[in-house]
>>> print(open('model.pdb').read())   # PDB, C-alpha atoms
ATOM      1  CA  MET A   1      41.906  67.690 107.181
ATOM      2  CA  SER A   2      40.067  64.592 108.396
ATOM      3  CA  ALA A   3      36.546  63.807 107.249
ATOM      4  CA  VAL A   4      35.237  64.366 110.794
ATOM      5  CA  ASN A   5      36.836  67.823 111.001
ATOM      6  CA  HIS A   6      35.585  68.688 107.511
ATOM      7  CA  HIS A   7      32.046  67.650 108.497
ATOM      8  CA  THR A   8      32.256  69.673 111.744
ATOM      9  CA  LEU A   9      33.458  72.738 109.847
ATOM     10  CA  ALA A  10      30.579  72.336 107.376
ATOM     11  CA  GLU A  11      28.049  72.194 110.257
ATOM     12  CA  GLN A  12      29.577  75.318 111.842
ATOM     13  CA  THR A  13      29.366  77.135 108.493
ATOM     14  CA  VAL A  14      25.702  76.153 108.107
ATOM     15  CA  ARG A  15      24.875  77.232 111.693
ATOM     16  CA  SER A  16      26.540  80.597 111.074
ATOM     17  CA  TRP A  17      24.528  81.012 107.865
ATOM     18  CA  PHE A  18      21.328  80.107 109.815
ATOM     19  CA  MET A  19      22.085  82.730 112.465
ATOM     20  CA  SER A  20      22.746  85.392 109.846
ATOM     21  CA  MET A  21      19.559  84.637 107.908
ATOM     22  CA  SER A  22      17.457  84.625 111.098
ATOM     23  CA  GLY A  23      19.075  87.849 112.302
ATOM     24  CA  THR A  24      18.338  89.719 109.084
ATOM     25  CA  VAL A  25      14.674  88.724 109.341
ATOM     26  CA  ARG A  26      14.495  89.958 112.952
ATOM     27  CA  SER A  27      16.110  93.273 111.973
ATOM     28  CA  ARG A  28      14.190  93.472 108.663
ATOM     29  CA  ASP A  29      17.421  94.410 106.898
ATOM     30  CA  ILE A  30      16.830  93.538 103.244
ATOM     31  CA  GLU A  31      20.317  94.507 102.065
ATOM     32  CA  GLU A  32      22.036  92.375 104.709
ATOM     33  CA  HIS A  33      19.555  89.550 104.092
ATOM     34  CA  MET A  34      20.354  89.480 100.387
ATOM     35  CA  GLN A  35      24.088  89.266 101.187
ATOM     36  CA  HIS A  36      23.356  85.624 102.105
ATOM     37  CA  VAL A  37      21.539  84.860  98.845
ATOM     38  CA  SER A  38      23.437  84.259  95.605
ATOM     39  CA  LYS A  39      22.404  86.055  92.435
ATOM     40  CA  LYS A  40      22.323  82.497  90.983
ATOM     41  CA  ILE A  41      19.607  81.341  93.445
ATOM     42  CA  SER A  42      16.908  78.945  92.277
ATOM     43  CA  VAL A  43      14.186  77.737  94.619
ATOM     44  CA  PHE A  44      12.253  74.668  93.488
ATOM     45  CA  GLY A  45       9.144  73.027  94.915
ATOM     46  CA  MET A  46       7.108  76.022  96.058
ATOM     47  CA  PRO A  47       3.383  75.765  95.306
ATOM     48  CA  SER A  48       3.159  79.306  93.943
ATOM     49  CA  LYS A  49       5.719  78.985  91.160
ATOM     50  CA  PRO A  50       7.954  76.303  89.583
ATOM     51  CA  VAL A  51      11.185  78.301  90.176
ATOM     52  CA  ILE A  52      11.893  81.399  92.276
ATOM     53  CA  SER A  53      14.827  83.597  91.201
ATOM     54  CA  TYR A  54      16.973  86.180  93.025
ATOM     55  CA  LYS A  55      14.782  89.060  91.852
ATOM     56  CA  GLU A  56      11.625  87.310  93.049
ATOM     57  CA  TRP A  57      13.194  86.347  96.417
ATOM     58  CA  LYS A  58      14.317  89.943  97.009
ATOM     59  CA  SER A  59      10.926  91.374  96.043
ATOM     60  CA  ARG A  60       9.051  88.963  98.310
ATOM     61  CA  ARG A  61      11.334  89.566 101.314
ATOM     62  CA  HIS A  62      11.261  93.334 100.731
ATOM     63  CA  ASN A  63       7.451  93.283 100.909
ATOM     64  CA  GLU A  64       7.421  90.983 103.953
ATOM     65  CA  PHE A  65       9.868  93.260 105.786
ATOM     66  CA  LYS A  66       8.099  96.477 104.757
ATOM     67  CA  ARG A  67       4.709  95.168 105.911
ATOM     68  CA  GLU A  68       6.278  93.498 108.972
ATOM     69  CA  GLU A  69       4.568  90.242 107.934
ATOM     70  CA  LEU A  70       7.502  87.916 108.628
ATOM     71  CA  ILE A  71       8.660  88.160 112.236
ATOM     72  CA  ALA A  72      10.928  85.127 112.584
ATOM     73  CA  LEU A  73      12.869  82.592 110.558
ATOM     74  CA  ASN A  74      14.115  79.535 112.436
ATOM     75  CA  TYR A  75      15.942  76.367 111.511
ATOM     76  CA  LYS A  76      15.873  72.975 113.191
ATOM     77  CA  GLY A  77      18.368  70.236 112.482
ATOM     78  CA  ILE A  78      21.166  69.868 109.986
ATOM     79  CA  ARG A  79      21.837  66.733 107.999
ATOM     80  CA  ILE A  80      24.909  67.228 105.850
ATOM     81  CA  ILE A  81      24.413  65.451 102.531
ATOM     82  CA  SER A  82      27.668  66.503 100.890
ATOM     83  CA  CYS A  83      30.403  69.038 101.559
ATOM     84  CA  SER A  84      33.556  70.406 100.014
ATOM     85  CA  ASN A  85      35.620  73.552 100.491
ATOM     86  CA  LYS A  86      33.310  75.452  98.099
ATOM     87  CA  ARG A  87      29.882  73.836  98.510
ATOM     88  CA  ILE A  88      27.718  72.386 101.278
ATOM     89  CA  ILE A  89      24.517  70.481 100.605
ATOM     90  CA  PHE A  90      22.296  69.827 103.618
ATOM     91  CA  ASN A  91      18.756  69.121 104.746
ATOM     92  CA  THR A  92      16.948  71.163 107.384
ATOM     93  CA  SER A  93      13.538  72.186 108.633
ATOM     94  CA  GLU A  94      12.838  75.906 108.205
ATOM     95  CA  THR A  95      10.006  77.656 110.034
ATOM     96  CA  MET A  96       8.740  81.056 108.950
ATOM     97  CA  VAL A  97       6.561  82.796 111.546
ATOM     98  CA  GLY A  98       4.176  85.555 110.504
ATOM     99  CA  LYS A  99       2.815  88.345 112.669
ATOM    100  CA  ASP A 100      -0.645  86.756 112.312
ATOM    101  CA  GLY A 101       0.610  83.573 114.032
ATOM    102  CA  LYS A 102       0.826  81.556 110.819
ATOM    103  CA  MET A 103       3.812  79.223 110.720
ATOM    104  CA  VAL A 104       5.027  77.744 107.465
ATOM    105  CA  ILE A 105       7.256  74.732 108.085
ATOM    106  CA  LEU A 106       9.399  73.618 105.156
ATOM    107  CA  ASP A 107      11.544  70.505 104.835
ATOM    108  CA  LYS A 108      14.330  71.660 102.496
ATOM    109  CA  ASN A 109      17.533  70.590 100.874
ATOM    110  CA  ILE A 110      19.736  73.679 100.663
ATOM    111  CA  ILE A 111      22.978  74.268  98.787
ATOM    112  CA  ILE A 112      25.287  77.049  99.937
ATOM    113  CA  GLU A 113      28.446  78.009  98.057
ATOM    114  CA  HIS A 114      31.569  79.868  99.040
ATOM    115  CA  GLU A 115      31.508  82.607  96.401
ATOM    116  CA  GLU A 116      34.392  84.606  94.936
ATOM    117  CA  ASP A 117      34.123  87.390  97.532
ATOM    118  CA  GLY A 118      34.496  84.871 100.382
ATOM    119  CA  ALA A 119      30.839  84.861 101.459
ATOM    120  CA  TRP A 120      28.728  81.719 101.845
ATOM    121  CA  ARG A 121      25.453  82.177  99.966
ATOM    122  CA  VAL A 122      22.477  79.993  99.172
ATOM    123  CA  VAL A 123      22.475  79.021  95.486
ATOM    124  CA  GLU A 124      19.683  76.449  95.498
ATOM    125  CA  GLU A 125      16.794  75.300  97.642
ATOM    126  CA  ASN A 126      14.564  72.305  97.013
ATOM    127  CA  VAL A 127      11.374  72.172  99.074
ATOM    128  CA  ASN A 128      10.584  68.525  99.790
ATOM    129  CA  LYS A 129       7.387  69.168 101.758
ATOM    130  CA  TRP A 130       5.696  71.919 103.676
ATOM    131  CA  SER A 131       2.879  72.446 106.130
ATOM    132  CA  VAL A 132       1.086  75.388 107.685
ATOM    133  CA  LYS A 133       0.154  75.739 111.340
ATOM    134  CA  LYS A 134      -1.494  78.576 113.193
ATOM    135  CA  LEU A 135      -0.445  79.774 116.630
ATOM    136  CA  ASN A 136      -3.107  81.165 118.936
ATOM    137  CA  LEU A 137      -1.365  84.463 119.738
ATOM    138  CA  LYS A 138      -4.051  85.416 122.279
ATOM    139  CA  LYS A 139      -2.495  82.843 124.617
ATOM    140  CA  TYR A 140       0.786  84.790 124.687
TER     141      TYR A 140
END
>>> encode(input="model.pdb", output="structure tokens")
Amino acid sequence: MSAVNHHTLAEQTVRSWFMSMSGTVRSRDIEEHMQHVSKKISVFGMPSKPVISYKEWKSRRHNEFKREELIALNYKGIRIISCSNKRIIFNTSETMVGKDGKMVILDKNIIIEHEEDGAWRVVEENVNKWSVKKLNLKKY
């Protein structure tokens, strides 16, 4: 396979992963959401904790879904850093939108791996920077 085709396939895989992650947030389906997160996950660079594990990710998302706090998860842009048949490393901007209008925008490097069962799952995230904005929901 040519490098161009390999790169295109990697982008398609990442876009599919984005759509799945966003869809599980919209449907508040914690079990389906966690199907896209590896048990090996480590998230670095969050202000609340040096490293977030699978258990902590699941607990946080479970609470956000139960309380209907997180209403949308969106991604903008893909810059492939490295890719192989088993691993894709890329940079993206992730926006989490809360029901209170708060938007958390994260610049992240994400690693997804093709695991033994054939699913692509996130194994590592590195938050490079983040910002918070507030939407005026009364305008909508």
>>> atom_distance(input="model.pdb", atom1="atom CA of Ser42 of chain A", atom2="atom CA of Glu124 of chain A")
4.9 Å
>>> residues_around(input="model.pdb", residues="Ile52 of chain A", least_positions_apart="6", cutoff="10 Å", atoms="all atoms listed in the file", output="list in words")
Ile41, Ser42, Val43, Phe44, Gly45, Met46, Glu124 and Glu125 of chain A
>>> write_last_selection(input="model.pdb", atoms="C-alpha atoms", output="PDB file, keeping the file's coordinate frame")
ATOM      1  CA  ILE A  41      19.607  81.341  93.445  1.00  0.00           C
ATOM      2  CA  SER A  42      16.908  78.945  92.277  1.00  0.00           C
ATOM      3  CA  VAL A  43      14.186  77.737  94.619  1.00  0.00           C
ATOM      4  CA  PHE A  44      12.253  74.668  93.488  1.00  0.00           C
ATOM      5  CA  GLY A  45       9.144  73.027  94.915  1.00  0.00           C
ATOM      6  CA  MET A  46       7.108  76.022  96.058  1.00  0.00           C
ATOM      7  CA  GLU A 124      19.683  76.449  95.498  1.00  0.00           C
ATOM      8  CA  GLU A 125      16.794  75.300  97.642  1.00  0.00           C
TER       9      GLU A 125
END
>>> atom_distance(input="model.pdb", atom1="atom CA of Asn126 of chain A", atom2="atom CA of Asn63 of chain A")
22.5 Å
>>> closest_residue(input="model.pdb", among="A:Asn5, A:His114, A:Ser20, A:Glu69", to="Asn85 of chain A", atoms="all atoms listed in the file")
A:His114
>>> resolve_selection(input="model.pdb", expression="the PyMOL selection byres ((chain A and resi 40) around 12)", output="PyMOL selection string")
chain A and resi 34+36-39+41-43+51-57+111-113+115+121-125
>>> write_last_selection(input="model.pdb", atoms="C-alpha atoms", output="PDB file, in the coordinates of the input")
ATOM      1  CA  MET A  34      20.354  89.480 100.387  1.00  0.00           C
ATOM      2  CA  HIS A  36      23.356  85.624 102.105  1.00  0.00           C
ATOM      3  CA  VAL A  37      21.539  84.860  98.845  1.00  0.00           C
ATOM      4  CA  SER A  38      23.437  84.259  95.605  1.00  0.00           C
ATOM      5  CA  LYS A  39      22.404  86.055  92.435  1.00  0.00           C
ATOM      6  CA  ILE A  41      19.607  81.341  93.445  1.00  0.00           C
ATOM      7  CA  SER A  42      16.908  78.945  92.277  1.00  0.00           C
ATOM      8  CA  VAL A  43      14.186  77.737  94.619  1.00  0.00           C
ATOM      9  CA  VAL A  51      11.185  78.301  90.176  1.00  0.00           C
ATOM     10  CA  ILE A  52      11.893  81.399  92.276  1.00  0.00           C
ATOM     11  CA  SER A  53      14.827  83.597  91.201  1.00  0.00           C
ATOM     12  CA  TYR A  54      16.973  86.180  93.025  1.00  0.00           C
ATOM     13  CA  LYS A  55      14.782  89.060  91.852  1.00  0.00           C
ATOM     14  CA  GLU A  56      11.625  87.310  93.049  1.00  0.00           C
ATOM     15  CA  TRP A  57      13.194  86.347  96.417  1.00  0.00           C
ATOM     16  CA  ILE A 111      22.978  74.268  98.787  1.00  0.00           C
ATOM     17  CA  ILE A 112      25.287  77.049  99.937  1.00  0.00           C
ATOM     18  CA  GLU A 113      28.446  78.009  98.057  1.00  0.00           C
ATOM     19  CA  GLU A 115      31.508  82.607  96.401  1.00  0.00           C
ATOM     20  CA  ARG A 121      25.453  82.177  99.966  1.00  0.00           C
ATOM     21  CA  VAL A 122      22.477  79.993  99.172  1.00  0.00           C
ATOM     22  CA  VAL A 123      22.475  79.021  95.486  1.00  0.00           C
ATOM     23  CA  GLU A 124      19.683  76.449  95.498  1.00  0.00           C
ATOM     24  CA  GLU A 125      16.794  75.300  97.642  1.00  0.00           C
TER      25      GLU A 125
END
>>> atom_distance(input="model.pdb", atom1="atom CA of Lys129 of chain A", atom2="atom CA of Ala10 of chain A")
24.1 Å
>>> resolve_selection(input="model.pdb", expression="the PyMOL selection byres ((chain A and resi 97) around 12)", output="number ranges by chain")
A: 22, 25-26, 64, 68-75, 94-96, 98-106, 132-135, 137
>>> closest_residue(input="model.pdb", among="A:Arg61, A:His33, A:Trp120, A:Asn136", to="Gln12 of chain A", atoms="all atoms listed in the file")
A:Trp120
>>> closest_residue(input="model.pdb", among="A:Arg79, A:Lys66, A:Lys86, A:Lys49", to="Lys108 of chain A", atoms="all atoms listed in the file")
A:Arg79
>>> closest_residue(input="model.pdb", among="A:Thr24, A:Ser48, A:Asn128, A:Ser59", to="Asn91 of chain A", atoms="all atoms listed in the file")
A:Asn128
>>> resolve_selection(input="model.pdb", expression="the PyMOL selection byres ((chain A and resi 14) around 10)", output="ChimeraX atom specification")
/A:8-13,15-20,78,80,88-90,110-112,120
>>> closest_residue(input="model.pdb", among="A:Gln35, A:Ser82, A:Ser93, A:Asp29", to="His62 of chain A", atoms="only C-alpha atoms")
A:Asp29
>>> decode(input="model.pdb", residues="segment 98-113 of chain A", atoms="N, CA and C atoms", output="PDB file, in the first residue's frame")
ATOM      1  N   GLY A  98     -21.051  21.455  27.638  1.00  0.00           N
ATOM      2  CA  GLY A  98     -21.900  21.116  28.779  1.00  0.00           C
ATOM      3  C   GLY A  98     -23.280  21.725  28.649  1.00  0.00           C
ATOM      4  N   LYS A  99     -24.228  21.183  29.387  1.00  0.00           N
ATOM      5  CA  LYS A  99     -25.603  21.685  29.310  1.00  0.00           C
ATOM      6  C   LYS A  99     -25.716  23.113  29.837  1.00  0.00           C
ATOM      7  N   ASP A 100     -24.724  23.573  30.592  1.00  0.00           N
ATOM      8  CA  ASP A 100     -24.712  24.939  31.108  1.00  0.00           C
ATOM      9  C   ASP A 100     -24.100  25.932  30.118  1.00  0.00           C
ATOM     10  N   GLY A 101     -23.696  25.435  28.927  1.00  0.00           N
ATOM     11  CA  GLY A 101     -23.107  26.300  27.909  1.00  0.00           C
ATOM     12  C   GLY A 101     -21.592  26.393  27.992  1.00  0.00           C
ATOM     13  N   LYS A 102     -21.003  25.752  28.980  1.00  0.00           N
ATOM     14  CA  LYS A 102     -19.541  25.768  29.107  1.00  0.00           C
ATOM     15  C   LYS A 102     -18.929  24.866  28.047  1.00  0.00           C
ATOM     16  N   MET A 103     -17.936  25.392  27.345  1.00  0.00           N
ATOM     17  CA  MET A 103     -17.198  24.622  26.355  1.00  0.00           C
ATOM     18  C   MET A 103     -15.750  24.513  26.791  1.00  0.00           C
ATOM     19  N   VAL A 104     -15.270  23.284  26.862  1.00  0.00           N
ATOM     20  CA  VAL A 104     -13.862  23.050  27.162  1.00  0.00           C
ATOM     21  C   VAL A 104     -13.220  22.611  25.854  1.00  0.00           C
ATOM     22  N   ILE A 105     -12.224  23.375  25.416  1.00  0.00           N
ATOM     23  CA  ILE A 105     -11.557  23.120  24.144  1.00  0.00           C
ATOM     24  C   ILE A 105     -10.143  22.646  24.451  1.00  0.00           C
ATOM     25  N   LEU A 106      -9.838  21.430  23.984  1.00  0.00           N
ATOM     26  CA  LEU A 106      -8.553  20.802  24.290  1.00  0.00           C
ATOM     27  C   LEU A 106      -7.776  20.530  23.019  1.00  0.00           C
ATOM     28  N   ASP A 107      -6.532  20.967  22.975  1.00  0.00           N
ATOM     29  CA  ASP A 107      -5.606  20.586  21.910  1.00  0.00           C
ATOM     30  C   ASP A 107      -4.919  19.324  22.418  1.00  0.00           C
ATOM     31  N   LYS A 108      -5.096  18.207  21.671  1.00  0.00           N
ATOM     32  CA  LYS A 108      -4.616  16.908  22.156  1.00  0.00           C
ATOM     33  C   LYS A 108      -3.826  16.168  21.101  1.00  0.00           C
ATOM     34  N   ASN A 109      -2.870  15.396  21.572  1.00  0.00           N
ATOM     35  CA  ASN A 109      -2.278  14.324  20.781  1.00  0.00           C
ATOM     36  C   ASN A 109      -2.924  13.042  21.296  1.00  0.00           C
ATOM     37  N   ILE A 110      -3.457  12.250  20.392  1.00  0.00           N
ATOM     38  CA  ILE A 110      -4.183  11.035  20.750  1.00  0.00           C
ATOM     39  C   ILE A 110      -3.533   9.851  20.049  1.00  0.00           C
ATOM     40  N   ILE A 111      -3.446   8.746  20.765  1.00  0.00           N
ATOM     41  CA  ILE A 111      -2.965   7.490  20.176  1.00  0.00           C
ATOM     42  C   ILE A 111      -4.106   6.488  20.247  1.00  0.00           C
ATOM     43  N   ILE A 112      -4.483   5.951  19.072  1.00  0.00           N
ATOM     44  CA  ILE A 112      -5.449   4.853  19.052  1.00  0.00           C
ATOM     45  C   ILE A 112      -4.735   3.614  18.533  1.00  0.00           C
ATOM     46  N   GLU A 113      -5.139   2.460  19.076  1.00  0.00           N
ATOM     47  CA  GLU A 113      -4.529   1.186  18.681  1.00  0.00           C
ATOM     48  C   GLU A 113      -5.602   0.214  18.215  1.00  0.00           C
TER      49      GLU A 113
END
